[in-house]
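Pasting coords_38.csv here (CSV, C-alpha atoms):
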```csv
chain,number,residue,atom,x,y,z
A,67,MET,CA,-2.8,-12.0,105.2
A,68,LEU,CA,-2.9,-9.9,102.0
A,69,GLY,CA,-6.1,-8.2,101.1
A,70,PRO,CA,-8.1,-8.9,97.9
A,71,PHE,CA,-6.9,-5.8,96.2
A,72,SER,CA,-3.3,-6.9,96.4
A,73,ARG,CA,-4.1,-10.4,95.0
A,74,ARG,CA,-6.3,-8.9,92.3
A,75,LEU,CA,-3.5,-6.4,91.4
A,76,TYR,CA,-0.8,-8.8,90.7
A,77,LEU,CA,-3.1,-11.2,88.9
A,78,ARG,CA,-4.4,-8.4,86.7
A,79,ILE,CA,-0.8,-7.4,85.8
A,80,TRP,CA,0.2,-11.0,85.2
A,81,LEU,CA,-2.9,-11.7,83.0
A,82,ALA,CA,-2.4,-8.5,81.1
A,83,THR,CA,1.2,-9.4,80.4
A,84,VAL,CA,0.3,-12.9,79.2
A,85,GLY,CA,-2.7,-11.7,77.2
A,86,GLY,CA,-0.5,-9.0,75.5
A,87,VAL,CA,2.1,-11.6,74.5
A,88,LEU,CA,-0.5,-14.0,73.1
A,89,VAL,CA,-2.2,-11.2,71.1
A,90,PHE,CA,1.2,-10.3,69.8
A,91,ALA,CA,1.9,-13.9,68.8
A,92,LEU,CA,-1.5,-14.1,67.0
A,93,VAL,CA,-0.9,-11.0,65.1
A,94,VAL,CA,2.6,-12.1,64.1
A,95,GLY,CA,1.3,-15.5,63.0
A,96,TRP,CA,-1.4,-14.0,61.0
A,97,ALA,CA,1.0,-11.6,59.3
A,98,TRP,CA,3.4,-14.4,58.7
A,99,ARG,CA,0.7,-16.5,57.0
A,100,VAL,CA,-0.5,-13.7,54.8
A,101,ALA,CA,3.1,-13.1,53.7
A,102,ALA,CA,3.7,-16.8,53.0
A,103,GLU,CA,0.5,-16.9,50.8
A,104,HIS,CA,1.5,-13.9,49.0
A,105,SER,CA,5.0,-15.3,48.4
A,106,ALA,CA,3.5,-18.6,47.2
A,107,GLN,CA,1.3,-16.8,44.8
A,108,THR,CA,4.2,-14.8,43.5
A,109,PHE,CA,6.8,-17.5,43.1
A,110,ASN,CA,4.5,-20.4,42.2
A,111,ALA,CA,2.7,-18.6,39.3
A,112,PRO,CA,2.6,-20.7,36.1
A,113,ALA,CA,5.8,-20.0,34.0
A,114,PRO,CA,6.4,-21.7,30.6
A,115,ARG,CA,9.3,-24.0,30.4
A,116,GLU,CA,10.5,-26.5,27.7
A,117,LEU,CA,9.4,-30.1,28.1
A,118,LYS,CA,10.5,-33.0,26.0
A,119,LEU,CA,8.7,-36.4,25.9
A,120,SER,CA,10.6,-39.4,24.2
A,121,ASP,CA,10.0,-43.0,23.7
A,122,ALA,CA,12.1,-46.0,24.6
A,123,GLN,CA,14.3,-45.6,21.5
A,124,GLY,CA,15.0,-42.0,22.3
A,125,GLN,CA,12.8,-40.6,19.6
A,126,THR,CA,11.1,-37.4,20.5
A,127,LEU,CA,7.4,-37.7,20.7
A,128,VAL,CA,6.4,-34.3,21.9
A,129,GLN,CA,8.6,-31.2,22.5
A,130,GLY,CA,7.5,-27.7,23.3
A,131,MET,CA,6.8,-25.1,26.0
A,132,ALA,CA,4.9,-26.5,28.9
A,133,THR,CA,2.7,-24.4,31.2
A,134,ARG,CA,1.3,-25.6,34.5
A,135,GLU,CA,-2.4,-25.2,34.6
A,136,PRO,CA,-3.9,-23.8,37.8
A,137,GLY,CA,-6.3,-25.9,39.8
A,138,PRO,CA,-6.0,-29.5,40.9
A,139,TRP,CA,-6.6,-32.4,38.6
A,140,GLU,CA,-8.1,-34.7,41.2
A,141,ALA,CA,-5.4,-33.4,43.5
A,142,GLY,CA,-2.7,-34.1,40.8
A,143,VAL,CA,-0.7,-31.9,38.4
A,144,SER,CA,-1.7,-30.9,34.9
A,145,TYR,CA,0.6,-29.3,32.2
A,146,GLN,CA,-0.3,-27.9,28.7
A,147,ILE,CA,2.4,-28.3,26.1
A,148,GLU,CA,2.6,-26.3,22.9
A,149,ALA,CA,4.7,-28.0,20.2
A,150,ALA,CA,6.7,-26.2,17.6
A,151,ASP,CA,4.1,-26.8,14.9
A,152,GLY,CA,1.4,-25.2,17.1
A,153,ALA,CA,-0.2,-28.4,18.3
A,154,LEU,CA,-1.4,-28.5,21.9
A,155,TYR,CA,-0.9,-31.4,24.2
A,156,THR,CA,-2.0,-32.0,27.8
A,157,LEU,CA,0.2,-33.9,30.4
A,158,GLN,CA,-1.6,-35.0,33.5
A,159,ILE,CA,0.0,-36.6,36.5
A,160,ALA,CA,-2.1,-38.3,39.1
A,161,PRO,CA,-1.5,-37.6,42.8
A,162,ARG,CA,1.0,-39.8,44.7
A,163,VAL,CA,-0.6,-42.6,46.5
A,164,ARG,CA,0.9,-43.1,50.0
A,165,PRO,CA,0.9,-46.5,51.6
A,166,ALA,CA,-1.2,-47.1,54.8
A,167,GLY,CA,0.6,-46.0,58.0
A,168,ALA,CA,2.9,-43.6,56.2
A,169,ARG,CA,1.1,-40.5,57.5
A,170,GLY,CA,4.1,-39.3,59.4
A,171,SER,CA,6.4,-39.4,56.5
A,172,HIS,CA,5.4,-36.0,55.2
A,173,ARG,CA,8.2,-34.3,53.4
A,174,ASN,CA,7.9,-31.3,55.9
A,175,GLY,CA,8.1,-33.5,59.0
A,176,PRO,CA,5.4,-35.0,61.3
A,177,PHE,CA,1.8,-34.0,60.7
A,178,TRP,CA,1.6,-32.1,64.0
A,179,LEU,CA,4.3,-29.8,62.7
A,180,ALA,CA,2.7,-29.2,59.3
A,181,PRO,CA,0.5,-26.1,58.8
A,182,PRO,CA,-1.7,-25.2,60.5
A,183,TYR,CA,-0.8,-27.5,63.4
A,184,GLY,CA,2.8,-26.2,63.7
A,185,PHE,CA,1.8,-22.7,64.2
A,186,LEU,CA,-0.7,-23.7,66.9
A,187,TRP,CA,1.9,-25.8,68.7
A,188,ILE,CA,4.4,-22.9,68.6
A,189,LEU,CA,1.8,-20.5,69.9
A,190,ALA,CA,0.9,-22.8,72.7
A,191,LEU,CA,4.5,-23.3,73.7
A,192,VAL,CA,5.1,-19.5,73.6
A,193,GLY,CA,2.1,-18.9,75.7
A,194,LEU,CA,3.1,-21.5,78.3
A,195,ALA,CA,6.7,-20.2,78.5
A,196,VAL,CA,5.5,-16.6,79.0
A,197,THR,CA,2.9,-17.7,81.5
A,198,LEU,CA,5.5,-19.6,83.6
A,199,GLY,CA,8.3,-17.1,83.1
A,200,VAL,CA,6.5,-13.9,83.8
A,201,PHE,CA,4.6,-14.9,86.9
A,202,PRO,CA,7.6,-15.0,89.3
A,203,ILE,CA,9.0,-11.7,88.0
A,204,ILE,CA,5.6,-10.0,88.5
A,205,ARG,CA,5.1,-11.7,91.8
A,206,ARG,CA,8.5,-10.5,93.1
A,207,LEU,CA,7.8,-7.0,92.0
A,208,LEU,CA,4.4,-6.9,93.6
A,209,GLN,CA,5.8,-8.4,96.9
A,210,ARG,CA,7.8,-5.2,97.3
A,211,LEU,CA,4.6,-3.2,96.8
A,212,GLU,CA,2.8,-5.3,99.3
A,213,ARG,CA,5.6,-4.8,101.9
A,214,LEU,CA,5.2,-1.1,101.3
A,215,GLN,CA,1.4,-1.4,101.7
A,216,ARG,CA,1.9,-3.3,105.0
A,217,SER,CA,4.4,-0.7,106.3
A,218,VAL,CA,2.1,2.2,105.5
A,219,GLN,CA,-0.8,0.4,107.3
A,220,ARG,CA,1.4,-0.2,110.4
A,221,PHE,CA,2.6,3.4,110.3
A,222,GLY,CA,-1.0,4.6,110.1
A,223,GLU,CA,-1.9,2.4,113.1
A,224,GLY,CA,0.7,4.2,115.2
A,225,ASP,CA,4.0,2.3,114.7
A,226,LEU,CA,6.1,5.3,113.8
A,227,SER,CA,9.3,3.2,113.8
A,228,VAL,CA,8.3,1.1,110.8
A,229,ARG,CA,10.5,1.4,107.7
A,230,VAL,CA,10.5,-0.2,104.3
A,231,PRO,CA,13.5,-2.1,102.8
A,232,GLU,CA,15.1,0.0,100.1
A,233,GLN,CA,15.9,-2.4,97.2
A,234,GLY,CA,17.0,-1.5,93.7
A,235,HIS,CA,17.0,1.9,91.9
A,236,ASP,CA,13.6,1.9,90.2
A,237,GLU,CA,10.5,4.0,91.0
A,238,LEU,CA,9.3,1.6,93.7
A,239,ALA,CA,12.7,1.9,95.5
A,240,GLN,CA,12.5,5.7,95.2
A,241,LEU,CA,9.0,5.6,96.7
A,242,SER,CA,10.3,3.4,99.6
A,243,ARG,CA,13.1,5.9,100.2
A,244,GLN,CA,10.7,8.8,100.2
A,245,PHE,CA,8.4,7.0,102.6
A,246,ASN,CA,11.3,6.2,105.0
A,247,ALA,CA,12.4,9.9,104.9
A,248,ALA,CA,8.9,11.1,105.6
A,249,ALA,CA,8.4,8.5,108.3
A,250,ALA,CA,11.6,9.5,110.0
A,251,ARG,CA,10.7,13.2,109.8
A,252,ILE,CA,7.2,12.5,111.3
A,253,GLN,CA,8.7,10.3,114.0
A,254,THR,CA,11.2,13.0,115.0
A,255,LEU,CA,8.5,15.7,115.0
A,256,VAL,CA,6.1,13.6,117.2
A,257,GLN,CA,8.9,12.7,119.6
A,258,SER,CA,10.0,16.3,119.7
A,259,HIS,CA,6.5,17.5,120.5
A,260,LYS,CA,6.0,14.8,123.2
A,261,SER,CA,9.3,15.8,124.8
A,262,LEU,CA,8.4,19.5,124.5
A,263,LEU,CA,5.1,19.0,126.2
A,264,ALA,CA,6.5,16.8,128.9
A,265,ASN,CA,9.3,19.2,129.7
A,266,ALA,CA,7.1,22.3,129.4
A,267,SER,CA,4.7,20.9,131.9
A,268,HIS,CA,7.6,20.4,134.3
A,269,GLU,CA,9.1,23.8,133.7
A,270,LEU,CA,5.7,25.6,134.1
A,271,ARG,CA,5.2,24.1,137.6
A,272,SER,CA,8.2,25.9,139.2
A,273,PRO,CA,7.2,29.5,138.5
A,274,LEU,CA,3.6,28.7,139.1
A,275,ALA,CA,4.4,27.3,142.5
A,276,ARG,CA,6.4,30.3,143.4
A,277,ILE,CA,3.6,32.6,142.2
A,278,ARG,CA,1.1,30.6,144.2
A,279,MET,CA,3.3,31.0,147.3
A,280,GLY,CA,3.6,34.7,146.7
A,281,MET,CA,-0.2,35.0,146.4
A,282,GLY,CA,-0.5,33.2,149.7
A,283,LEU,CA,1.8,35.7,151.3
A,284,LEU,CA,-0.4,38.5,150.0
A,285,GLU,CA,-3.3,37.2,152.0
A,286,ASN,CA,-1.4,37.8,155.2
A,287,GLY,CA,-0.7,41.4,154.6
A,288,GLN,CA,1.2,43.9,152.5
A,289,PRO,CA,3.9,42.1,150.5
A,290,SER,CA,7.4,43.3,150.7
A,291,PRO,CA,9.2,44.8,147.6
A,292,GLU,CA,11.3,41.7,147.4
A,293,ALA,CA,8.2,39.5,147.2
A,294,LEU,CA,6.7,41.6,144.4
A,295,ALA,CA,10.0,41.6,142.5
A,296,GLU,CA,10.1,37.8,142.8
A,297,MET,CA,6.5,37.5,141.5
A,298,GLN,CA,7.3,39.8,138.6
A,299,ARG,CA,10.4,37.7,137.8
A,300,ASN,CA,8.3,34.5,137.8
A,301,ILE,CA,5.7,36.0,135.6
A,302,ALA,CA,8.4,37.2,133.2
A,303,GLU,CA,9.9,33.7,133.3
A,304,LEU,CA,6.5,32.2,132.4
A,305,ASP,CA,6.1,34.6,129.6
A,306,GLN,CA,9.5,33.8,128.2
A,307,LEU,CA,8.9,30.1,128.5
A,308,ILE,CA,5.6,30.2,126.7
A,309,ASP,CA,7.1,32.4,123.9
A,310,GLU,CA,10.0,30.0,123.4
A,311,ILE,CA,7.8,27.0,123.5
A,312,LEU,CA,5.5,28.4,120.8
A,313,LEU,CA,8.5,29.5,118.6
A,314,ALA,CA,10.2,26.1,119.0
A,315,SER,CA,7.1,24.3,118.0
A,316,ARG,CA,6.6,26.4,114.9
A,317,LEU,CA,10.2,26.0,113.9
A,318,ASP,CA,10.0,22.2,114.3
A,319,ALA,CA,6.8,22.1,112.3
A,320,GLY,CA,8.4,24.1,109.5
A,321,ALA,CA,5.8,26.9,109.7
A,322,ASP,CA,6.0,29.6,107.0
A,323,ASN,CA,4.6,32.5,109.0
A,324,VAL,CA,7.7,33.0,111.2
A,325,GLY,CA,8.8,36.0,109.2
A,326,THR,CA,9.9,37.3,105.8
A,327,VAL,CA,13.3,36.7,104.3
A,328,GLU,CA,15.2,39.9,103.6
A,329,MET,CA,18.7,41.2,103.6
A,330,VAL,CA,20.0,41.6,107.2
A,331,ASP,CA,22.8,43.9,108.4
A,332,LEU,CA,24.2,41.5,111.0
A,333,VAL,CA,26.7,44.1,112.2
A,334,GLY,CA,24.0,46.5,113.3
A,335,LEU,CA,21.9,43.8,114.8
A,336,ALA,CA,24.9,42.4,116.8
A,337,ALA,CA,25.7,45.9,118.0
A,338,GLU,CA,22.2,46.5,119.4
A,339,GLU,CA,22.2,43.1,121.2
A,340,CYS,CA,25.6,43.6,122.6
A,341,ALA,CA,24.5,46.9,124.1
A,342,ARG,CA,21.6,45.2,125.9
A,343,VAL,CA,23.8,42.8,127.8
A,344,ASP,CA,27.0,44.9,128.0
A,345,ALA,CA,29.0,42.7,125.7
A,346,GLU,CA,32.0,43.6,123.6
A,347,LEU,CA,31.6,43.6,119.7
A,348,GLN,CA,34.7,42.7,117.8
A,349,LEU,CA,35.2,43.0,114.1
A,350,ALA,CA,38.1,41.8,112.0
A,351,GLU,CA,40.3,44.7,110.9
A,352,GLY,CA,39.8,45.6,107.3
A,353,ALA,CA,37.2,42.8,106.8
A,354,ALA,CA,33.9,44.0,105.3
A,355,ILE,CA,30.9,42.1,106.8
A,356,PRO,CA,28.3,41.7,104.0
A,357,GLU,CA,24.6,41.5,104.5
A,358,LEU,CA,23.0,38.1,104.3
A,359,PRO,CA,19.4,36.9,103.6
A,360,GLY,CA,17.4,35.9,106.6
A,361,ILE,CA,14.5,36.5,108.9
A,362,VAL,CA,15.4,39.5,111.1
A,363,ARG,CA,13.4,38.5,114.2
A,364,LEU,CA,14.8,34.9,114.2
A,365,LEU,CA,18.4,36.0,113.7
A,366,ARG,CA,18.0,38.6,116.5
A,367,ARG,CA,16.6,35.9,118.8
A,368,ALA,CA,19.5,33.6,118.0
A,369,VAL,CA,22.1,36.3,118.8
A,370,ARG,CA,20.2,37.4,121.9
A,371,ASN,CA,20.0,33.9,123.2
A,372,LEU,CA,23.7,33.3,122.7
A,373,LEU,CA,24.6,36.6,124.5
A,374,GLU,CA,22.1,36.0,127.4
A,375,ASN,CA,23.4,32.5,127.9
A,376,ALA,CA,27.0,33.8,127.9
A,377,ARG,CA,26.1,36.6,130.4
A,378,ARG,CA,24.3,34.2,132.6
A,379,TYR,CA,27.3,32.0,133.3
A,380,SER,CA,30.2,34.3,132.6
A,381,GLU,CA,32.4,35.6,135.4
A,382,GLY,CA,34.0,38.2,133.2
A,383,PRO,CA,33.4,40.1,129.9
A,384,VAL,CA,31.5,38.6,127.0
A,385,GLN,CA,32.8,39.1,123.5
A,386,LEU,CA,30.9,38.7,120.2
A,387,SER,CA,33.1,38.6,117.1
A,388,LEU,CA,32.0,38.7,113.5
A,389,SER,CA,34.1,37.2,110.7
A,390,HIS,CA,33.7,36.4,107.0
A,391,GLU,CA,34.6,33.1,105.4
A,392,PRO,CA,33.9,31.9,101.8
A,393,GLY,CA,30.1,31.6,101.5
A,394,ALA,CA,29.2,32.3,105.1
A,395,LEU,CA,29.4,34.6,108.1
A,396,LEU,CA,30.6,33.4,111.5
A,397,VAL,CA,29.1,34.8,114.8
A,398,ARG,CA,31.3,33.7,117.7
A,399,VAL,CA,30.1,34.4,121.3
A,400,SER,CA,32.8,33.8,124.0
A,401,ASP,CA,32.5,34.0,127.8
A,402,HIS,CA,34.6,33.4,130.9
A,403,GLY,CA,32.3,31.0,132.6
A,404,PRO,CA,32.9,27.4,133.8
A,405,GLY,CA,32.9,26.1,130.2
A,406,VAL,CA,31.2,23.1,128.8
A,407,PRO,CA,32.7,19.6,129.0
A,408,PRO,CA,33.4,18.1,125.6
A,409,ALA,CA,31.0,15.2,126.3
A,410,GLN,CA,28.1,17.8,126.9
A,411,ARG,CA,28.8,20.1,124.0
A,412,GLU,CA,26.2,18.5,121.8
A,413,ARG,CA,23.6,17.7,124.4
A,414,ILE,CA,23.3,21.3,125.5
A,415,PHE,CA,21.4,22.0,122.2
A,416,GLU,CA,18.7,19.6,123.2
A,417,PRO,CA,15.4,21.2,124.4
A,418,PHE,CA,15.2,21.7,128.2
A,419,TYR,CA,18.7,20.2,128.8
A,420,ARG,CA,20.7,21.8,131.6
A,421,LEU,CA,24.3,21.1,132.5
A,422,PRO,CA,24.7,19.1,135.7
A,423,GLY,CA,24.6,21.4,138.7
A,424,ALA,CA,22.7,24.2,137.0
A,425,SER,CA,20.0,25.8,139.1
A,426,GLU,CA,16.5,26.7,137.8
A,427,ARG,CA,16.9,30.0,139.6
A,428,SER,CA,19.9,30.9,137.6
A,429,GLY,CA,17.6,31.8,134.7
A,430,GLY,CA,16.6,30.2,131.5
A,431,VAL,CA,14.5,27.2,130.9
A,432,GLY,CA,16.8,25.1,128.7
A,433,LEU,CA,15.3,26.2,125.4
A,434,GLY,CA,17.6,29.0,124.4
A,435,LEU,CA,20.3,27.0,122.7
A,436,ALA,CA,17.8,24.6,121.2
A,437,LEU,CA,16.1,27.6,119.5
A,438,VAL,CA,19.5,28.8,118.3
A,439,ARG,CA,20.1,25.5,116.5
A,440,SER,CA,16.6,25.5,115.0
A,441,ILE,CA,17.0,29.0,113.8
A,442,ALA,CA,20.4,28.2,112.3
A,443,GLN,CA,19.0,25.2,110.5
A,444,ARG,CA,16.1,27.3,109.2
A,445,HIS,CA,18.6,29.5,107.5
A,446,GLY,CA,20.7,26.6,106.2
A,447,GLY,CA,23.4,27.1,108.8
A,448,SER,CA,24.7,25.5,112.0
A,449,VAL,CA,25.9,26.2,115.5
A,450,ARG,CA,28.5,24.4,117.7
A,451,CYS,CA,30.1,24.8,121.1
A,452,GLU,CA,33.8,24.6,121.5
A,453,ALA,CA,36.6,25.8,123.8
A,454,ARG,CA,37.8,29.4,123.6
A,455,PRO,CA,40.3,29.9,120.8
A,456,ASP,CA,42.7,31.7,123.1
A,457,GLY,CA,42.8,28.7,125.5
A,458,ALA,CA,41.3,30.8,128.4
A,459,ARG,CA,38.6,29.4,130.7
A,460,GLY,CA,35.1,29.6,129.3
A,461,ALA,CA,33.2,28.5,126.2
A,462,SER,CA,32.6,29.7,122.6
A,463,PHE,CA,29.5,29.3,120.6
A,464,VAL,CA,30.0,29.6,116.8
A,465,LEU,CA,26.9,30.4,114.7
A,466,ARG,CA,27.6,29.9,111.0
A,467,LEU,CA,25.1,31.5,108.5
A,468,PRO,CA,25.4,31.1,104.7
A,469,LEU,CA,25.4,34.2,102.5
A,470,SER,CA,23.1,32.6,99.9
A,471,ARG,CA,19.5,32.0,100.6
A,472,PRO,CA,18.8,28.3,101.4
```
Can you present the structure in this file as structure tokens?
Amino acid sequence: MLGPFSRRLYLRIWLATVGGVLVFALVVGWAWRVAAEHSAQTFNAPAPRELKLSDAQGQTLVQGMATREPGPWEAGVSYQIEAADGALYTLQIAPRVRPAGARGSHRNGPFWLAPPYGFLWILALVGLAVTLGVFPIIRRLLQRLERLQRSVQRFGEGDLSVRVPEQGHDELAQLSRQFNAAAARIQTLVQSHKSLLANASHELRSPLARIRMGMGLLENGQPSPEALAEMQRNIAELDQLIDEILLASRLDAGADNVGTVEMVDLVGLAAEECARVDAELQLAEGAAIPELPGIVRLLRRAVRNLLENARRYSEGPVQLSLSHEPGALLVRVSDHGPGVPPAQRERIFEPFYRLPGASERSGGVGLGLALVRSIAQRHGGSVRCEARPDGARGASFVLRLPLSRP
């Protein structure tokens, strides 16, 4: 059921439209009447003309210039005639006497069409036509607004899947499209955060359980170096997980305090990261790699995650190649690992997703590649997984970064 505001809104618009048309009709009628009176005064002004009065034998009794005198002679017509000798005569014509019942035989039509009744009838018909014709148009327009109102209300009550039909190309249709886009964005963020919290709670339990077990071993005596190393590894895993969760959350929310955009030397950055994981850096011969605008710490995290992911699963050398294409730089990280099945090449970029058979103890928490995609999108770029270009066993991850600031 619609609220009183909605009903009052469309009624006010409808009454305003009808009232505006009626006022316009009144003004036009008044102006028309003033113009008609002015025209009558202009064209019906007394003008002399020759008049001749003869008897039955055809002899002229009176002949001269006749002028119509203003003012009724008992609702009749009066003329003043000036003869050639200067004598003045008056000709008076009594009003026409209509027989009883001849009221509707007016020379201008029925009495209800004669002034001022004709104007009133026309005004009434125009008002009725506007009242009946405008109401369904306004009602249909306001129904779209009411649907938007109901959708916003349902969205505010927690139904994040609600959307508004997008009809037409006017401002209301544009508002509906903007609402749908905002609703989809909010729904994606909420679902992402729910998934992030659910998976983070699961991932936090494993290292915490191992740390708790190590603490229990400490109570029984001096721990072995292997136990201390395991506890340190679990603490480092927790620290990495918390750091990646916080960064992923800030990137999903579109936070502005993740770094300053500046010109980045991607060749130097890639060389430093390749040295960390003992990867091979390859540059195209004779191709200059220009700098690109970006956030240094985010681009470093993206390159580092790709290299660490490749080193984790590779059974041979890891290569990072830089190339330049029109409008963008390409960062390709290739490994000699088991590869990624084509059906899984898109899912591996989902948060906390691991390939079937991957062990938690192999390292990583499933957020590395998801962070790479978020960082690429933050810079207006993209990332994809594909087979190695040389056809060898393994996988290649291609990070595309635009040379212009998004």
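Of the listed residues (A:Ile355, A:Val330, A:Val399, A:Leu313), A:Leu313 comes nearest to Gly434 of chain A; the distances count all atoms listed in the file.
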Each side padded by 6 Å, which centre and which edge lengths in Å (one decimal) define the axis-aligned box around the listed atoms of segment 292-301 of chain A? Give them as lines of an AutoDock Vina configuration file.
```
center_x = 8.5
center_y = 38.1
center_z = 141.5
size_x = 17.6
size_y = 19.2
size_z = 23.8
```
For Gly95 of chain A, please output as a PDB file with C-alpha atoms, in the coordinates of the input all residues within 9 Å (counting only C-alpha atoms; exclusion window: fewer than 4 positions along the same chain).
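Once everything was written out, this is result13.pdb:
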```pdb
ATOM      1  CA  PHE A  90       1.200 -10.300  69.800  1.00  0.00           C
ATOM      2  CA  ALA A  91       1.900 -13.900  68.800  1.00  0.00           C
ATOM      3  CA  ARG A  99       0.700 -16.500  57.000  1.00  0.00           C
ATOM      4  CA  VAL A 100      -0.500 -13.700  54.800  1.00  0.00           C
ATOM      5  CA  PHE A 185       1.800 -22.700  64.200  1.00  0.00           C
ATOM      6  CA  LEU A 189       1.800 -20.500  69.900  1.00  0.00           C
TER       7      LEU A 189
END
```
**Request:** Considering all atoms listed in the file, state which residue in the set A:Glu381, A:Asn371, A:Thr83, A:Ile414 is at the smallest distance from Ile204 of chain A.
**Result:** A:Thr83
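Between atom CA of Arg439 of chain A and atom CA of Glu351 of chain A the interatomic distance comes to 28.4 Å.
Distances to Pro404 of chain A were evaluated for A:Thr156, A:Gln443, A:Ser462, A:Gln233 using only C-alpha atoms, and the minimum falls at A:Ser462.
Between atom CA of Asp331 of chain A and atom CA of Leu312 of chain A the separation is 26.3 Å.
Rounded to one decimal, atom CA of Gln125 of chain A and atom CA of Ala150 of chain A lie 15.8 Å from each other.
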**Nearest to Pro392 of chain A, chosen from A:Ala247, A:Ala409, A:Leu226, A:Leu469, with all atoms listed in the file counted in the distances** = A:Leu469
**Request:** Quick one: residues within 10 Å of (13.2, -5.7, 104.4) (file frame), counting all atoms listed in the file, please, as a ChimeraX atom specification.
**Result:** /A:210,213-214,229-233
Expected file: the selected residues, C-alpha atoms, as a PDB file, keeping the file's coordinate frame:
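What landed in out_15.pdb:
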```
ATOM      1  CA  ARG A 210       7.800  -5.200  97.300  1.00  0.00           C
ATOM      2  CA  ARG A 213       5.600  -4.800 101.900  1.00  0.00           C
ATOM      3  CA  LEU A 214       5.200  -1.100 101.300  1.00  0.00           C
ATOM      4  CA  ARG A 229      10.500   1.400 107.700  1.00  0.00           C
ATOM      5  CA  VAL A 230      10.500  -0.200 104.300  1.00  0.00           C
ATOM      6  CA  PRO A 231      13.500  -2.100 102.800  1.00  0.00           C
ATOM      7  CA  GLU A 232      15.100   0.000 100.100  1.00  0.00           C
ATOM      8  CA  GLN A 233      15.900  -2.400  97.200  1.00  0.00           C
TER       9      GLN A 233
END
```
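Nearest-residue note for Ala302 of chain A: choosing from A:Ile277, A:Pro356, A:Gln219, A:Gly457, the minimum distance belongs to A:Ile277, counting all atoms listed in the file.
Across A:Ala160, A:Ala293, A:Ala149, A:Leu396, the tightest approach to Val333 of chain A is made by A:Leu396 when counting all atoms listed in the file.
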**Contacts of Leu88 of chain A at 9 Å (all atoms listed in the file; same-chain gap of 4+ positions) as a PyMOL selection string** = chain A and resi 83-84+92-93+189-190+192-193+196
**Request:** Please identify all polymer residues within 8 Å of Asp344 of chain A, counting all atoms listed in the file, omitting same-chain residues fewer than 3 positions from it, and present them as a list in words.
**Result:** Cys340, Ala341 and Val384 of chain A
Using only C-alpha atoms, please write the residues we just selected to a file, as a PDB file, in the coordinates of the input.
```
ATOM      1  CA  CYS A 340      25.600  43.600 122.600  1.00  0.00           C
ATOM      2  CA  ALA A 341      24.500  46.900 124.100  1.00  0.00           C
ATOM      3  CA  VAL A 384      31.500  38.600 127.000  1.00  0.00           C
TER       4      VAL A 384
END
```
**Message:** From (36.3, 23.3, 130.5), in the file's coordinates, out to 6 Å: which residues are reached, counting all atoms listed in the file? Answer as a VMD selection string.
**Reply:** chain A and resid 405 to 407
Mind filling out segment 192-200 of chain A with N, CA, C and O atoms and sending it as a PDB file, in the frame of the given file?
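Saved result, part14.pdb, follows:
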```pdb
ATOM      1  N   VAL A 192       4.796 -20.890  73.243  1.00  0.00           N
ATOM      2  CA  VAL A 192       5.100 -19.500  73.600  1.00  0.00           C
ATOM      3  C   VAL A 192       4.268 -19.024  74.759  1.00  0.00           C
ATOM      4  O   VAL A 192       4.740 -18.406  75.717  1.00  0.00           O
ATOM      5  N   GLY A 193       2.963 -19.312  74.666  1.00  0.00           N
ATOM      6  CA  GLY A 193       2.100 -18.900  75.700  1.00  0.00           C
ATOM      7  C   GLY A 193       2.416 -19.533  77.072  1.00  0.00           C
ATOM      8  O   GLY A 193       2.407 -18.875  78.110  1.00  0.00           O
ATOM      9  N   LEU A 194       2.750 -20.822  77.044  1.00  0.00           N
ATOM     10  CA  LEU A 194       3.100 -21.500  78.300  1.00  0.00           C
ATOM     11  C   LEU A 194       4.409 -20.959  78.861  1.00  0.00           C
ATOM     12  O   LEU A 194       4.521 -20.746  80.076  1.00  0.00           O
ATOM     13  N   ALA A 195       5.403 -20.716  77.984  1.00  0.00           N
ATOM     14  CA  ALA A 195       6.700 -20.200  78.500  1.00  0.00           C
ATOM     15  C   ALA A 195       6.498 -18.803  79.078  1.00  0.00           C
ATOM     16  O   ALA A 195       7.062 -18.481  80.135  1.00  0.00           O
ATOM     17  N   VAL A 196       5.709 -17.956  78.422  1.00  0.00           N
ATOM     18  CA  VAL A 196       5.500 -16.600  79.000  1.00  0.00           C
ATOM     19  C   VAL A 196       4.711 -16.680  80.266  1.00  0.00           C
ATOM     20  O   VAL A 196       5.016 -15.974  81.231  1.00  0.00           O
ATOM     21  N   THR A 197       3.710 -17.550  80.332  1.00  0.00           N
ATOM     22  CA  THR A 197       2.900 -17.700  81.500  1.00  0.00           C
ATOM     23  C   THR A 197       3.751 -18.090  82.744  1.00  0.00           C
ATOM     24  O   THR A 197       3.641 -17.534  83.841  1.00  0.00           O
ATOM     25  N   LEU A 198       4.630 -19.090  82.521  1.00  0.00           N
ATOM     26  CA  LEU A 198       5.500 -19.600  83.600  1.00  0.00           C
ATOM     27  C   LEU A 198       6.632 -18.656  83.924  1.00  0.00           C
ATOM     28  O   LEU A 198       7.063 -18.560  85.079  1.00  0.00           O
ATOM     29  N   GLY A 199       7.151 -17.978  82.912  1.00  0.00           N
ATOM     30  CA  GLY A 199       8.300 -17.100  83.100  1.00  0.00           C
ATOM     31  C   GLY A 199       8.013 -15.776  83.699  1.00  0.00           C
ATOM     32  O   GLY A 199       8.790 -15.224  84.486  1.00  0.00           O
ATOM     33  N   VAL A 200       6.873 -15.211  83.318  1.00  0.00           N
ATOM     34  CA  VAL A 200       6.500 -13.900  83.800  1.00  0.00           C
ATOM     35  C   VAL A 200       5.973 -13.838  85.166  1.00  0.00           C
ATOM     36  O   VAL A 200       6.172 -12.871  85.905  1.00  0.00           O
TER      37      VAL A 200
END
```
